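Presented below is the structure to which this report refers.
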Amino acid sequence: MTGPEPRATLDSALSELPRPDAPPLVGEARPRRCGRGRKPARAWSRLGWSRLGWSRLGWGCVGLALATLGGCEARPELTPSRTTCDPPAARRAPLRLLTRSEYDNTIRDLLGDDSAPSRAFPPEPNVGGFDNNAESHLANPLLVEQLTSAARELSQRAVRDHLDTLAPCPNAADADDCVDDFLGRFGKRAFRRPLTASERTSFLTLYRKAAPTLGYEAAIGLLIEAFLQSPQFLYRVEAPLQADVASAEAPLPLGPYELASRLAYFLWGSMPDDELLAAAEEGRLGTADELEAQARRLLADPRARAQVSRFHERWLGLSRFETVVRDTDDVPSERVNESWRRSLLAFVDDVFWSEDGTLADLFTSPVVFVDDTLAELYGLSAGEGSELLPVTLEDARAGLLTQPGLMAMLAHPNQSSPIHRGVFVREHILCRPVPAPPPSVNNTPPDPDPNATTRERFAVHTKDPACATCHQLIDPLGFGFEQFDELGRYRDEENGHPVDASGEVRHAPDPNLDGPFHGAAELGRRLADSSAPGQCLSRYWYRFALGRMDSAEDACTTEGIAQSLERAGGRLEEILIALVRSDAFRQRAPWIDELEAGP
């Protein structure tokens, strides 16, 4: 399968494949025209995809080249504007290209291959803090090239290491039966639904064309390679055409297999397992209660812990640790950055998964996780090697906003940063984004002055009319964190002056939060008693689950999720359950061509 002669034979076999009548992939009511008058095959061949013969396999213009590479016209959306919550507005379900982490997890669960090939893929755009936004995470030539290369290498390893479990065939005379069985089992898992008749015919034709020259083993490898490059594998298809659409006002329920995929990729970041696919096949995902039962089962799996950690990393913006530097010889940046990141992540994960952990604990818990690097930096006796151990610091720490890693991440190399800390609270805890400064504004922080405090140096922000409007919202909030220096260490003095940790919350979404406070611990206690953090966190989880930014039309849904969190006593896991039960998770809006197809 790797030598020049087999590859040439393979290309020849693919080029002669018949083109079956494939059903629409994402709900087209009629064939769609490709841009610039090109046939779909030419659009693919310019990127090297004609080698796998996708246009002849029947997928045409819909695939990795969707809307960006193949020039396909975008489908118009019917999402009516609403001003009430009865019922909540449904939104469309676009094709969602697998992210790098989703690709790696799916390959692991499908093939038993944990090589994480996506490390070579280009990074996804960051939208709203997350990398899975369906509108911005699109195919590009470099990604296509990397996916092609990865599919070839993965298929070769799969045949070499796992042929006996993927496609066993002890008797060569039974090869056709073996292939038929392989297509049924493997195809259902790879596409997250059973193959259609025409898809099955296409893959079987490919095998029969290649096997006489390549043999059974290499031909199975070719099929795996084809599966791994097919649009149905690389995209999460959540909007099959439905012919009984009455109006744009009527939301459509997702199909059982689409729901299974949406649930698995939300809670595991990977494909559905056999039990979830069986539930879809047997029609056991049709109600909110049935979906909740499966969600709780998935949350008990270790893969859910990894996915929750991934959410926390994105929500808190922990990728910033890749560029954090400090003007100090106390500890090497590359070593302490990773310890800070791991410590912060361990804290939020521990609160989330603790049996009695709540949203209030997220802002009040005195626990800090330290390894030997952090123990040395903060003068603690705990910490053995790289293992993170919990330490209770009642006097100095209280919740997320006082975690050493967060305070260090939100600081300048040589001084604390009230600006970074104030912006973080407004954007990540209160969901009140701060506008970017005008291009003419100088963002360089003032040089440290040994005779002045940070509060005195940054006073210029509220004195300058060009800065005052925004900084009156940011600085008073950020000054409440001045008890923590650029290394996240607690301090009572700065340059010989007593630290003034008085702060003020202004124009919060919850009016009860507005007003003065002293120190981050007091702010944390007030946040623990407010509904605002739960509402904000619900919005971040909503974006993560559905792969898009929330809008005014989603407000009823996200508010309902936050209310469910309150009714559950702040148990963070209940945000996920409420989200899964929501109409927004289980339904979608119709497309125009579905309405044109008629009821």
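FYI, nothing fancy with the structure tokens labels: chains A, B, ... in order, residues from 1 per chain, ligands from 1 as they appear.
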
Open item on the list: Need the shell around Tyr216 in chain A: protein/DNA/RNA residues with any atom at most 10 Å away, counting only C-alpha atoms. Skip same-chain ones fewer than 6 positions apart. Format as an NGL selection string?
Closed with: :A and (167 or 169 or 172 or 175-176 or 178-179 or 207-208 or 210 or 222)

Selection file, all heavy atoms, as a PDB file, in the first residue's frame:
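File produced: result_26.pdb:
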ATOM      1  N   ALA A 167     -11.340  -5.858  10.889  1.00  0.00           N
ATOM      2  CA  ALA A 167     -11.888  -6.586   9.733  1.00  0.00           C
ATOM      3  C   ALA A 167     -11.293  -7.979   9.654  1.00  0.00           C
ATOM      4  O   ALA A 167     -10.584  -8.319   8.707  1.00  0.00           O
ATOM      5  CB  ALA A 167     -11.618  -5.815   8.442  1.00  0.00           C
ATOM      6  N   CYS A 169     -10.772 -11.816   8.901  1.00  0.00           N
ATOM      7  CA  CYS A 169     -11.263 -12.676   7.819  1.00  0.00           C
ATOM      8  C   CYS A 169     -10.367 -13.906   7.734  1.00  0.00           C
ATOM      9  O   CYS A 169      -9.441 -13.965   6.912  1.00  0.00           O
ATOM     10  CB  CYS A 169     -11.268 -11.920   6.486  1.00  0.00           C
ATOM     11  SG  CYS A 169     -12.336 -12.686   5.237  1.00  0.00           S
ATOM     12  N   ALA A 172     -10.013 -16.761   3.321  1.00  0.00           N
ATOM     13  CA  ALA A 172      -9.953 -15.857   2.173  1.00  0.00           C
ATOM     14  C   ALA A 172     -11.160 -16.009   1.269  1.00  0.00           C
ATOM     15  O   ALA A 172     -11.567 -15.062   0.584  1.00  0.00           O
ATOM     16  CB  ALA A 172      -8.670 -16.100   1.383  1.00  0.00           C
ATOM     17  N   ALA A 175     -14.058 -13.436   1.784  1.00  0.00           N
ATOM     18  CA  ALA A 175     -13.639 -12.033   1.807  1.00  0.00           C
ATOM     19  C   ALA A 175     -14.805 -11.074   1.592  1.00  0.00           C
ATOM     20  O   ALA A 175     -14.918 -10.055   2.273  1.00  0.00           O
ATOM     21  CB  ALA A 175     -12.557 -11.792   0.759  1.00  0.00           C
ATOM     22  N   ASP A 176     -15.713 -11.408   0.663  1.00  0.00           N
ATOM     23  CA  ASP A 176     -16.835 -10.499   0.408  1.00  0.00           C
ATOM     24  C   ASP A 176     -17.720 -10.354   1.643  1.00  0.00           C
ATOM     25  O   ASP A 176     -18.172  -9.254   1.974  1.00  0.00           O
ATOM     26  CB  ASP A 176     -17.659 -11.002  -0.777  1.00  0.00           C
ATOM     27  CG  ASP A 176     -17.008 -10.687  -2.117  1.00  0.00           C
ATOM     28  OD1 ASP A 176     -15.971  -9.988  -2.117  1.00  0.00           O
ATOM     29  OD2 ASP A 176     -17.538 -11.140  -3.147  1.00  0.00           O
ATOM     30  N   CYS A 178     -16.709 -10.788   4.705  1.00  0.00           N
ATOM     31  CA  CYS A 178     -15.931 -10.049   5.695  1.00  0.00           C
ATOM     32  C   CYS A 178     -16.013  -8.552   5.434  1.00  0.00           C
ATOM     33  O   CYS A 178     -16.157  -7.747   6.371  1.00  0.00           O
ATOM     34  CB  CYS A 178     -14.475 -10.506   5.678  1.00  0.00           C
ATOM     35  SG  CYS A 178     -14.230 -12.229   6.165  1.00  0.00           S
ATOM     36  N   VAL A 179     -15.895  -8.171   4.178  1.00  0.00           N
ATOM     37  CA  VAL A 179     -15.957  -6.754   3.831  1.00  0.00           C
ATOM     38  C   VAL A 179     -17.346  -6.197   4.118  1.00  0.00           C
ATOM     39  O   VAL A 179     -17.490  -5.082   4.636  1.00  0.00           O
ATOM     40  CB  VAL A 179     -15.587  -6.547   2.344  1.00  0.00           C
ATOM     41  CG1 VAL A 179     -15.850  -5.106   1.920  1.00  0.00           C
ATOM     42  CG2 VAL A 179     -14.140  -6.914   2.108  1.00  0.00           C
ATOM     43  N   TYR A 207     -13.650  -1.408  -2.912  1.00  0.00           N
ATOM     44  CA  TYR A 207     -12.924  -2.600  -2.472  1.00  0.00           C
ATOM     45  C   TYR A 207     -12.754  -3.589  -3.620  1.00  0.00           C
ATOM     46  O   TYR A 207     -11.657  -4.112  -3.850  1.00  0.00           O
ATOM     47  CB  TYR A 207     -13.667  -3.278  -1.319  1.00  0.00           C
ATOM     48  CG  TYR A 207     -13.120  -4.641  -1.005  1.00  0.00           C
ATOM     49  CD1 TYR A 207     -11.961  -4.798  -0.245  1.00  0.00           C
ATOM     50  CD2 TYR A 207     -13.734  -5.789  -1.515  1.00  0.00           C
ATOM     51  CE1 TYR A 207     -11.432  -6.052   0.004  1.00  0.00           C
ATOM     52  CE2 TYR A 207     -13.218  -7.048  -1.267  1.00  0.00           C
ATOM     53  CZ  TYR A 207     -12.070  -7.171  -0.510  1.00  0.00           C
ATOM     54  OH  TYR A 207     -11.540  -8.408  -0.271  1.00  0.00           O
ATOM     55  N   ARG A 208     -13.823  -3.868  -4.350  1.00  0.00           N
ATOM     56  CA  ARG A 208     -13.765  -4.879  -5.420  1.00  0.00           C
ATOM     57  C   ARG A 208     -12.842  -4.454  -6.554  1.00  0.00           C
ATOM     58  O   ARG A 208     -12.262  -5.298  -7.236  1.00  0.00           O
ATOM     59  CB  ARG A 208     -15.173  -5.145  -5.942  1.00  0.00           C
ATOM     60  CG  ARG A 208     -16.034  -5.920  -4.931  1.00  0.00           C
ATOM     61  CD  ARG A 208     -17.463  -6.038  -5.395  1.00  0.00           C
ATOM     62  NE  ARG A 208     -18.254  -6.887  -4.475  1.00  0.00           N
ATOM     63  CZ  ARG A 208     -19.569  -6.996  -4.494  1.00  0.00           C
ATOM     64  NH1 ARG A 208     -20.265  -6.285  -5.406  1.00  0.00           N
ATOM     65  NH2 ARG A 208     -20.206  -7.774  -3.648  1.00  0.00           N
ATOM     66  N   ALA A 210     -10.097  -2.575  -6.069  1.00  0.00           N
ATOM     67  CA  ALA A 210      -8.717  -2.545  -5.588  1.00  0.00           C
ATOM     68  C   ALA A 210      -8.197  -3.902  -5.135  1.00  0.00           C
ATOM     69  O   ALA A 210      -7.002  -4.186  -5.257  1.00  0.00           O
ATOM     70  CB  ALA A 210      -8.603  -1.555  -4.428  1.00  0.00           C
ATOM     71  N   LEU A 222      -7.307   0.717   2.314  1.00  0.00           N
ATOM     72  CA  LEU A 222      -7.822   1.747   1.418  1.00  0.00           C
ATOM     73  C   LEU A 222      -9.208   2.207   1.858  1.00  0.00           C
ATOM     74  O   LEU A 222      -9.512   3.400   1.858  1.00  0.00           O
ATOM     75  CB  LEU A 222      -7.872   1.203  -0.005  1.00  0.00           C
ATOM     76  CG  LEU A 222      -8.622   2.070  -1.030  1.00  0.00           C
ATOM     77  CD1 LEU A 222      -7.950   3.418  -1.189  1.00  0.00           C
ATOM     78  CD2 LEU A 222      -8.701   1.343  -2.359  1.00  0.00           C
TER      79      LEU A 222
END

- [ ] Do a neighbour search on range 514-527 of chain A at 9 Å with only C-alpha atoms, toss out local chain neighbours closer than 2 positions, and write the hits as a PyMOL selection string.
- [x] chain A and resi 360+362-364+396-402+429+476-477+479-483+500-512+529-533

Open item on the list: Rounded to one decimal, what separation in Å do you get between CA of Ser115 in chain A and CA of Glu199 in chain A?
Closed with: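 CA of Glu199 in chain A lies 28.5 Å from CA of Ser115 in chain A.
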
TODO: Select, from A:Ala211, A:Ala93, A:Val499, A:Leu228, the residue with the minimum atom-to-atom distance to Gln146 in chain A, counting only C-alpha atoms.
DONE: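 Comparing A:Ala211, A:Ala93, A:Val499, A:Leu228 against Gln146 in chain A, the winner is A:Leu228.
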
Show me, as a PDB file with N, CA and C atoms, in the first residue's frame, the residues that have an atom within 9 Å of range 332-337 of chain A when counting only C-alpha atoms, minus same-chain residues fewer than 4 positions from it.
ATOM      1  N   PHE A 321      -0.658  31.246  29.268  1.00  0.00           N
ATOM      2  CA  PHE A 321       0.554  30.805  29.958  1.00  0.00           C
ATOM      3  C   PHE A 321       1.681  30.472  28.984  1.00  0.00           C
ATOM      4  N   GLU A 322       1.347  30.266  27.714  1.00  0.00           N
ATOM      5  CA  GLU A 322       2.386  29.978  26.721  1.00  0.00           C
ATOM      6  C   GLU A 322       3.307  31.174  26.504  1.00  0.00           C
ATOM      7  N   THR A 323       2.832  32.358  26.834  1.00  0.00           N
ATOM      8  CA  THR A 323       3.620  33.567  26.585  1.00  0.00           C
ATOM      9  C   THR A 323       3.924  34.369  27.854  1.00  0.00           C
ATOM     10  N   VAL A 324       3.548  33.854  29.019  1.00  0.00           N
ATOM     11  CA  VAL A 324       3.812  34.580  30.270  1.00  0.00           C
ATOM     12  C   VAL A 324       5.303  34.589  30.561  1.00  0.00           C
ATOM     13  N   VAL A 325       5.850  35.760  30.831  1.00  0.00           N
ATOM     14  CA  VAL A 325       7.255  35.900  31.244  1.00  0.00           C
ATOM     15  C   VAL A 325       7.287  36.787  32.483  1.00  0.00           C
ATOM     16  N   ARG A 326       8.340  36.611  33.293  1.00  0.00           N
ATOM     17  CA  ARG A 326       8.485  37.411  34.505  1.00  0.00           C
ATOM     18  C   ARG A 326       9.910  37.944  34.613  1.00  0.00           C
ATOM     19  N   THR A 328      12.153  38.189  36.783  1.00  0.00           N
ATOM     20  CA  THR A 328      12.611  37.733  38.094  1.00  0.00           C
ATOM     21  C   THR A 328      13.471  36.496  37.925  1.00  0.00           C
ATOM     22  N   ARG A 341      -0.494  26.805  35.393  1.00  0.00           N
ATOM     23  CA  ARG A 341      -1.609  26.346  34.565  1.00  0.00           C
ATOM     24  C   ARG A 341      -2.250  25.093  35.164  1.00  0.00           C
ATOM     25  N   ARG A 342      -1.438  24.123  35.530  1.00  0.00           N
ATOM     26  CA  ARG A 342      -1.954  22.876  36.095  1.00  0.00           C
ATOM     27  C   ARG A 342      -2.655  23.112  37.431  1.00  0.00           C
ATOM     28  N   THR A 373       7.424  23.095  42.737  1.00  0.00           N
ATOM     29  CA  THR A 373       7.789  24.409  42.219  1.00  0.00           C
ATOM     30  C   THR A 373       6.982  25.508  42.900  1.00  0.00           C
ATOM     31  N   LEU A 374       5.672  25.334  42.995  1.00  0.00           N
ATOM     32  CA  LEU A 374       4.820  26.349  43.607  1.00  0.00           C
ATOM     33  C   LEU A 374       5.003  26.393  45.122  1.00  0.00           C
ATOM     34  N   LEU A 377       7.934  28.542  45.715  1.00  0.00           N
ATOM     35  CA  LEU A 377       7.673  29.940  45.376  1.00  0.00           C
ATOM     36  C   LEU A 377       6.835  30.627  46.456  1.00  0.00           C
ATOM     37  N   GLY A 405      -2.117  31.031  40.155  1.00  0.00           N
ATOM     38  CA  GLY A 405      -1.934  30.981  38.710  1.00  0.00           C
ATOM     39  C   GLY A 405      -2.714  32.051  37.988  1.00  0.00           C
ATOM     40  N   ALA A 408      -1.093  35.455  38.548  1.00  0.00           N
ATOM     41  CA  ALA A 408       0.143  35.569  37.783  1.00  0.00           C
ATOM     42  C   ALA A 408      -0.145  35.738  36.296  1.00  0.00           C
ATOM     43  N   MET A 409      -1.130  35.004  35.785  1.00  0.00           N
ATOM     44  CA  MET A 409      -1.479  35.108  34.368  1.00  0.00           C
ATOM     45  C   MET A 409      -1.989  36.503  34.030  1.00  0.00           C
TER      46      MET A 409
END

Report as an mmCIF file with C-alpha atoms, in the first residue's frame all protein, DNA and RNA residues lying within 12 Å of Glu282 in chain A, evaluated on only C-alpha atoms, omitting residues in the same chain fewer than 6 positions from it.
data_model
loop_
_atom_site.group_PDB
_atom_site.id
_atom_site.type_symbol
_atom_site.label_atom_id
_atom_site.label_comp_id
_atom_site.auth_asym_id
_atom_site.auth_seq_id
_atom_site.Cartn_x
_atom_site.Cartn_y
_atom_site.Cartn_z
ATOM 1 C CA PRO A 256 -31.688 10.235 16.912
ATOM 2 C CA TYR A 257 -28.231 9.756 15.415
ATOM 3 C CA ALA A 260 -26.283 11.000 19.758
ATOM 4 C CA GLU A 275 -24.479 2.037 23.720
ATOM 5 C CA LEU A 276 -25.370 5.552 22.583
ATOM 6 C CA GLU A 290 -34.030 9.878 27.908
#

Open item on the list: Could you list, as a ChimeraX atom specification, every residue within 6 Å of range 539-548 of chain A, counting only C-alpha atoms and ignoring same-chain residues fewer than 5 positions away?
Closed with: /A:132-134,266,558

Export N, CA and C atoms of the chosen residues as a tab-separated table (two decimals), in the first residue's frame?
chain	number	residue	atom	x	y	z
A	132	ASN	N	-14.25	25.87	18.54
A	132	ASN	CA	-15.17	24.99	17.81
A	132	ASN	C	-16.32	25.75	17.16
A	133	ASN	N	-16.13	27.02	16.87
A	133	ASN	CA	-17.18	27.81	16.25
A	133	ASN	C	-17.40	27.35	14.81
A	134	ALA	N	-18.61	26.89	14.51
A	134	ALA	CA	-18.89	26.29	13.21
A	134	ALA	C	-18.75	27.27	12.06
A	266	PHE	N	-20.36	16.92	22.75
A	266	PHE	CA	-20.45	17.91	23.82
A	266	PHE	C	-19.78	17.42	25.10
A	558	THR	N	-30.45	30.42	27.84
A	558	THR	CA	-29.34	30.51	28.79
A	558	THR	C	-29.83	30.93	30.18

- [ ] Rank nothing, just name the residue among A:Ala120, A:Gly221, A:Met407, A:Ala279 nearest to Val159 in chain A, using only C-alpha atoms.
- [x]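 Between A:Ala120, A:Gly221, A:Met407, A:Ala279, the residue approaching Val159 in chain A most closely is A:Gly221.
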
Open item on the list: Set the distance at 10 Å and use only C-alpha atoms: which residues neighbour Arg192 in chain A once local chain neighbours fewer than 3 positions away are removed? I'd like the list as a list in words.
Closed with: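 Near neighbours after the sequence-gap exclusion: Phe186, Gly187, Lys188, Arg189, Leu195, Gln232, Phe233, Arg236, Val237, Tyr257, Glu258, Ala260, Ser261, Met271, Pro272, Asp273, Asp274, Leu276 and Leu277 of chain A.
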
Can you spit out the residues from that selection as a compact mmCIF listing (two decimals), in the first residue's frame, using all heavy atoms?
# COMPACT_ATOMS: atom_id res chain seq x y z
N PHE A 186 -17.95 -0.93 10.96
CA PHE A 186 -17.03 0.21 10.98
C PHE A 186 -17.71 1.46 10.41
O PHE A 186 -17.52 2.57 10.93
CB PHE A 186 -15.78 -0.12 10.17
CG PHE A 186 -14.70 0.93 10.26
CD1 PHE A 186 -13.82 0.95 11.32
CD2 PHE A 186 -14.56 1.89 9.27
CE1 PHE A 186 -12.83 1.92 11.41
CE2 PHE A 186 -13.58 2.86 9.34
CZ PHE A 186 -12.70 2.87 10.42
N GLY A 187 -18.48 1.29 9.35
CA GLY A 187 -19.14 2.44 8.74
C GLY A 187 -20.09 3.14 9.69
O GLY A 187 -20.15 4.37 9.74
N LYS A 188 -20.83 2.36 10.48
CA LYS A 188 -21.76 2.95 11.43
C LYS A 188 -21.03 3.76 12.49
O LYS A 188 -21.50 4.83 12.90
CB LYS A 188 -22.58 1.85 12.10
CG LYS A 188 -23.64 2.35 13.06
CD LYS A 188 -24.44 1.19 13.63
CE LYS A 188 -25.52 1.68 14.57
NZ LYS A 188 -26.32 0.56 15.11
N ARG A 189 -19.88 3.29 12.92
CA ARG A 189 -19.12 4.02 13.93
C ARG A 189 -18.42 5.24 13.32
O ARG A 189 -18.37 6.31 13.93
CB ARG A 189 -18.11 3.09 14.59
CG ARG A 189 -18.76 1.91 15.32
CD ARG A 189 -17.75 1.00 15.95
NE ARG A 189 -17.07 1.66 17.05
CZ ARG A 189 -15.77 1.76 17.18
NH1 ARG A 189 -14.95 1.25 16.26
NH2 ARG A 189 -15.24 2.39 18.22
N LEU A 195 -24.62 3.36 7.31
CA LEU A 195 -24.39 3.79 5.94
C LEU A 195 -25.68 3.71 5.14
O LEU A 195 -26.51 2.83 5.36
CB LEU A 195 -23.34 2.90 5.27
CG LEU A 195 -21.93 2.85 5.86
CD1 LEU A 195 -21.04 1.95 5.01
CD2 LEU A 195 -21.33 4.23 5.97
N GLN A 232 -18.62 12.82 5.66
CA GLN A 232 -19.48 12.33 6.74
C GLN A 232 -18.68 11.99 8.00
O GLN A 232 -19.24 11.97 9.09
CB GLN A 232 -20.26 11.10 6.27
CG GLN A 232 -21.32 11.40 5.23
CD GLN A 232 -20.78 11.30 3.82
OE1 GLN A 232 -19.61 11.59 3.56
NE2 GLN A 232 -21.62 10.89 2.88
N PHE A 233 -17.39 11.72 7.85
CA PHE A 233 -16.55 11.49 9.02
C PHE A 233 -16.00 12.82 9.55
O PHE A 233 -16.00 13.06 10.76
CB PHE A 233 -15.39 10.56 8.66
CG PHE A 233 -14.35 10.44 9.75
CD1 PHE A 233 -14.58 9.67 10.88
CD2 PHE A 233 -13.15 11.14 9.67
CE1 PHE A 233 -13.64 9.57 11.90
CE2 PHE A 233 -12.20 11.06 10.68
CZ PHE A 233 -12.45 10.27 11.80
N ARG A 236 -19.58 16.97 11.41
CA ARG A 236 -20.74 16.54 12.20
C ARG A 236 -21.98 17.07 11.49
O ARG A 236 -22.22 18.28 11.47
CB ARG A 236 -20.64 17.07 13.61
CG ARG A 236 -19.49 16.46 14.40
CD ARG A 236 -19.18 17.26 15.63
NE ARG A 236 -20.38 17.48 16.44
CZ ARG A 236 -20.42 18.30 17.48
NH1 ARG A 236 -19.34 18.99 17.83
NH2 ARG A 236 -21.53 18.45 18.17
N VAL A 237 -22.73 16.17 10.89
CA VAL A 237 -23.90 16.55 10.11
C VAL A 237 -25.12 16.45 11.01
O VAL A 237 -25.49 15.38 11.45
CB VAL A 237 -24.05 15.62 8.89
CG1 VAL A 237 -25.22 16.08 8.03
CG2 VAL A 237 -22.76 15.60 8.08
N TYR A 257 -29.68 9.87 15.58
CA TYR A 257 -28.23 9.76 15.41
C TYR A 257 -27.56 11.12 15.52
O TYR A 257 -26.45 11.24 16.04
CB TYR A 257 -27.89 9.09 14.07
CG TYR A 257 -28.23 7.62 14.05
CD1 TYR A 257 -29.36 7.17 13.37
CD2 TYR A 257 -27.44 6.69 14.73
CE1 TYR A 257 -29.68 5.81 13.35
CE2 TYR A 257 -27.76 5.34 14.73
CZ TYR A 257 -28.89 4.91 14.04
OH TYR A 257 -29.20 3.57 14.05
N GLU A 258 -28.24 12.16 15.02
CA GLU A 258 -27.69 13.51 15.16
C GLU A 258 -27.63 13.91 16.63
O GLU A 258 -26.66 14.53 17.08
CB GLU A 258 -28.55 14.51 14.38
CG GLU A 258 -28.46 14.37 12.86
CD GLU A 258 -29.20 13.17 12.31
OE1 GLU A 258 -30.16 12.72 12.97
OE2 GLU A 258 -28.82 12.67 11.23
N ALA A 260 -27.34 11.81 19.15
CA ALA A 260 -26.28 11.00 19.76
C ALA A 260 -24.93 11.64 19.54
O ALA A 260 -24.10 11.73 20.46
CB ALA A 260 -26.31 9.58 19.19
N SER A 261 -24.68 12.12 18.32
CA SER A 261 -23.40 12.77 18.03
C SER A 261 -23.26 14.08 18.79
O SER A 261 -22.21 14.39 19.35
CB SER A 261 -23.25 13.02 16.52
OG SER A 261 -22.89 11.85 15.85
N MET A 271 -16.72 10.66 19.36
CA MET A 271 -17.83 9.96 18.74
C MET A 271 -18.70 9.24 19.78
O MET A 271 -18.24 8.94 20.88
CB MET A 271 -17.29 8.94 17.73
CG MET A 271 -16.35 7.94 18.37
SD MET A 271 -15.64 6.77 17.19
CE MET A 271 -17.02 5.65 17.01
N PRO A 272 -19.95 8.95 19.42
CA PRO A 272 -20.79 8.16 20.33
C PRO A 272 -20.24 6.75 20.49
O PRO A 272 -19.63 6.19 19.57
CB PRO A 272 -22.15 8.13 19.62
CG PRO A 272 -22.09 9.19 18.57
CD PRO A 272 -20.66 9.35 18.20
N ASP A 273 -20.45 6.15 21.67
CA ASP A 273 -20.06 4.76 21.86
C ASP A 273 -21.18 3.86 21.38
O ASP A 273 -22.25 4.31 20.94
CB ASP A 273 -19.69 4.50 23.32
CG ASP A 273 -20.87 4.70 24.28
OD1 ASP A 273 -21.96 5.11 23.82
OD2 ASP A 273 -20.70 4.44 25.48
N ASP A 274 -20.96 2.55 21.45
CA ASP A 274 -21.94 1.60 20.92
C ASP A 274 -23.27 1.71 21.66
O ASP A 274 -24.33 1.57 21.05
CB ASP A 274 -21.39 0.17 21.03
CG ASP A 274 -20.23 -0.08 20.08
OD1 ASP A 274 -20.09 0.69 19.11
OD2 ASP A 274 -19.46 -1.04 20.32
N LEU A 276 -24.64 4.36 23.02
CA LEU A 276 -25.37 5.55 22.58
C LEU A 276 -25.92 5.37 21.17
O LEU A 276 -27.04 5.79 20.87
CB LEU A 276 -24.44 6.77 22.65
CG LEU A 276 -25.08 8.15 22.48
CD1 LEU A 276 -26.25 8.34 23.44
CD2 LEU A 276 -24.04 9.24 22.70
N LEU A 277 -25.15 4.72 20.30
CA LEU A 277 -25.65 4.43 18.95
C LEU A 277 -26.83 3.46 19.01
O LEU A 277 -27.79 3.59 18.23
CB LEU A 277 -24.54 3.86 18.09
CG LEU A 277 -23.45 4.86 17.66
CD1 LEU A 277 -22.31 4.12 16.93
CD2 LEU A 277 -24.01 5.94 16.75

Open item on the list: For the alpha helix (DSSP H) assignment from backbone DSSP, which residues of range 169-264 of chain A qualify? Please present them as an NGL selection string.
Closed with: :A and (175-191 or 197-214 or 216-229 or 231-234 or 256-264)
